[in-house]
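Participant: My questions will all concern the structure given below.
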Amino acid sequence: MKRTDLSANNISKCFSEPGEDGLLYVLEDMDFEIKEGEFVTILGPSGCGKSTFLNILAGFETANQGHAVCCGEPVRGPSPERAVVFQSPVLFPWMDVKNNIMYGLKQTGKKKDDAQRITAEYIRAVGLDDFDNYYPSQLSGGMQQRVALARSLILDPKVLLMDEPFAALDAQTRYSMQQLLLQLWERNRQTIVFITHDVEEALLLSDRICIMGKRPGKIIEEIAVPFERPRPISLTGSGDFTQLKSHILSRLLV
Ligand SMILES: Nc1ncnc2c1ncn2[C@@H]1O[C@H](COP(=O)(O)OP(=O)(O)OP(=O)(O)O)[C@@H](O)[C@H]1O
């Protein structure tokens, strides 16, 4: 049986409201669990606390109550076993594609030859073979996000935490990035927590969808996505797909 890779128990989080005396309650008694190798998407209305929750899982934020547990250990801060991919790719502007992707490997003390070989594999995997000496400013948004993905995956994290990673991309690039992510996931089977506002994206990518309610957020419904993989784009026109999509939308609009 697959074991739980990441869980959150009874998480509550509040922030002091900027310029006010009061507290903003963002998460309340939130429970969450994801199994090894599972792909779970979190959907929820704007401001319900999705990013805050992901930041708690990543170890960037601390909960006021409850805690996150990764591979049996409490999350006390960021760790290379939990990689984070943001909407805006975080790259070093002064490094070319190759060095951006290789950076983390070098930090782990890998031998130069090995680091270069592994980096070349990842550059190929994300389809940037002809761009390895380009700088981030010379790349499109989609290409930058490919670099960010390769940069995270090269460290072979157990868990990938993705905060609206494709939201800024045009429809075509978004689709090709979704396919790329699925390809890499099928190969390495990381445990993925993925945040999006796009219900179709959630239904095409994930094993399970967690819907959060309004702030203070917590999960109000979980849906095991019933569609077999691979899921072709034509699936979006099927009756079962549109029915599930409209059910999810109705939960989001409550
Ligand atoms: N560091 C912070 N200090 C104060 N308030 C914060 C902080 N981080 C987030 N918030 C507040 O917490 C609430 C939830 O924010 P969060 O970004 O987690 O929501 P979200 O569900 O990811 O939203 P969206 O879908 O719009 O990205 C918001 O009202 C936000 O203003």
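Residues are named by chain letter and number: chains run A, B, ... in the order of the structure tokens, numbers start at 1 in each chain, and ligands are numbered from 1 in the order shown.
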Taking only residues of chain A that have an atom at most 8 Å from an atom of ligand 1, what is each one's shortest atom pair and its distance in Å to one decimal, using only C-alpha atoms and all ligand atoms, in chain and number order, as a Markdown table?
Facilitator:
```
| residue | atom | partner | partner_atom_place_in_ligand_line | distance |
| --- | --- | --- | --- | --- |
| A:Cys14 | CA | ligand 1 | 12 (O) | 7.7 |
| A:Phe15 | CA | ligand 1 | 4 (C) | 4.8 |
| A:Ser16 | CA | ligand 1 | 4 (C) | 6.0 |
| A:Glu17 | CA | ligand 1 | 4 (C) | 5.8 |
| A:Pro18 | CA | ligand 1 | 4 (C) | 6.4 |
| A:Leu24 | CA | ligand 1 | 5 (N) | 7.0 |
| A:Tyr25 | CA | ligand 1 | 12 (O) | 7.7 |
| A:Val26 | CA | ligand 1 | 12 (O) | 5.4 |
| A:Gly44 | CA | ligand 1 | 21 (O) | 6.3 |
| A:Pro45 | CA | ligand 1 | 25 (O) | 6.0 |
| A:Ser46 | CA | ligand 1 | 25 (O) | 3.6 |
| A:Gly47 | CA | ligand 1 | 19 (O) | 3.5 |
| A:Cys48 | CA | ligand 1 | 21 (O) | 4.0 |
| A:Gly49 | CA | ligand 1 | 18 (O) | 3.3 |
| A:Lys50 | CA | ligand 1 | 21 (O) | 3.9 |
| A:Ser51 | CA | ligand 1 | 22 (O) | 3.8 |
| A:Thr52 | CA | ligand 1 | 18 (O) | 3.7 |
| A:Phe53 | CA | ligand 1 | 18 (O) | 6.5 |
| A:Thr196 | CA | ligand 1 | 25 (O) | 7.8 |
| A:His197 | CA | ligand 1 | 25 (O) | 6.9 |
| A:Arg215 | CA | ligand 1 | 14 (C) | 7.3 |
```
Participant: Determine, counting only C-alpha atoms, which protein, DNA and RNA residues have an atom within 10 Å of an atom of A:Leu181; residues of the same chain fewer than 6 positions away are not included. Present the result as a ChimeraX atom specification.
Facilitator: /A:126,146,149,175,187,205
Participant: Per DSSP on the backbone, what are the alpha helix (DSSP H) residues of stretch 44-82 of chain A, as a PyMOL selection string?
Facilitator: chain A and resi 50-58
Participant: Output the selection as a compact mmCIF listing (two decimals), in the first residue's frame - N, CA and C atoms for each residue.
Facilitator:
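To be explicit, this is the file written out as selection.txt:
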```txt
# COMPACT_ATOMS: atom_id res chain seq x y z
N LYS A 50 -5.05 29.24 -0.38
CA LYS A 50 -4.36 28.14 -1.08
C LYS A 50 -2.83 28.31 -1.01
N SER A 51 -2.37 29.52 -1.38
CA SER A 51 -0.92 29.74 -1.39
C SER A 51 -0.36 29.69 0.03
N THR A 52 -1.13 30.22 0.96
CA THR A 52 -0.68 30.17 2.36
C THR A 52 -0.48 28.72 2.78
N PHE A 53 -1.44 27.89 2.40
CA PHE A 53 -1.35 26.47 2.76
C PHE A 53 -0.13 25.82 2.11
N LEU A 54 0.07 26.12 0.83
CA LEU A 54 1.23 25.53 0.13
C LEU A 54 2.54 26.00 0.79
N ASN A 55 2.54 27.26 1.21
CA ASN A 55 3.75 27.79 1.86
C ASN A 55 4.01 27.11 3.21
N ILE A 56 2.93 26.68 3.86
CA ILE A 56 3.10 25.93 5.12
C ILE A 56 3.67 24.54 4.81
N LEU A 57 3.15 23.91 3.75
CA LEU A 57 3.69 22.59 3.35
C LEU A 57 5.17 22.73 2.95
N ALA A 58 5.49 23.85 2.29
CA ALA A 58 6.87 24.06 1.84
C ALA A 58 7.81 24.38 3.00
```
Participant: Give me the residues within 8 Å of A:Glu221 as an NGL selection string, counting only C-alpha atoms and dropping any in the same chain fewer than 6 places off.
Facilitator: :A and (210-212)
Participant: Could you take the residues named above and write them with C-alpha atoms, as a PDB file, in the first residue's frame?
Facilitator:
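Output (selection.pdb):
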```
ATOM      1  CA  CYS A 210      -9.529  19.094  -3.114  1.00  0.00           C
ATOM      2  CA  ILE A 211     -11.935  22.017  -3.127  1.00  0.00           C
ATOM      3  CA  MET A 212     -11.432  24.667  -0.476  1.00  0.00           C
TER       4      MET A 212
END
```
Participant: Quick one: pull the distance between atom CA of A:Asp163 and atom CA of A:Gly237, Å, one decimal.
Facilitator: 26.5 Å
Participant: Closest to A:Glu33 among A:Gln116, A:Asn10, A:Gln172, A:Thr4, using only C-alpha atoms?
Facilitator: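 Answer, going by the shortest atom-to-atom distance: A:Thr4.
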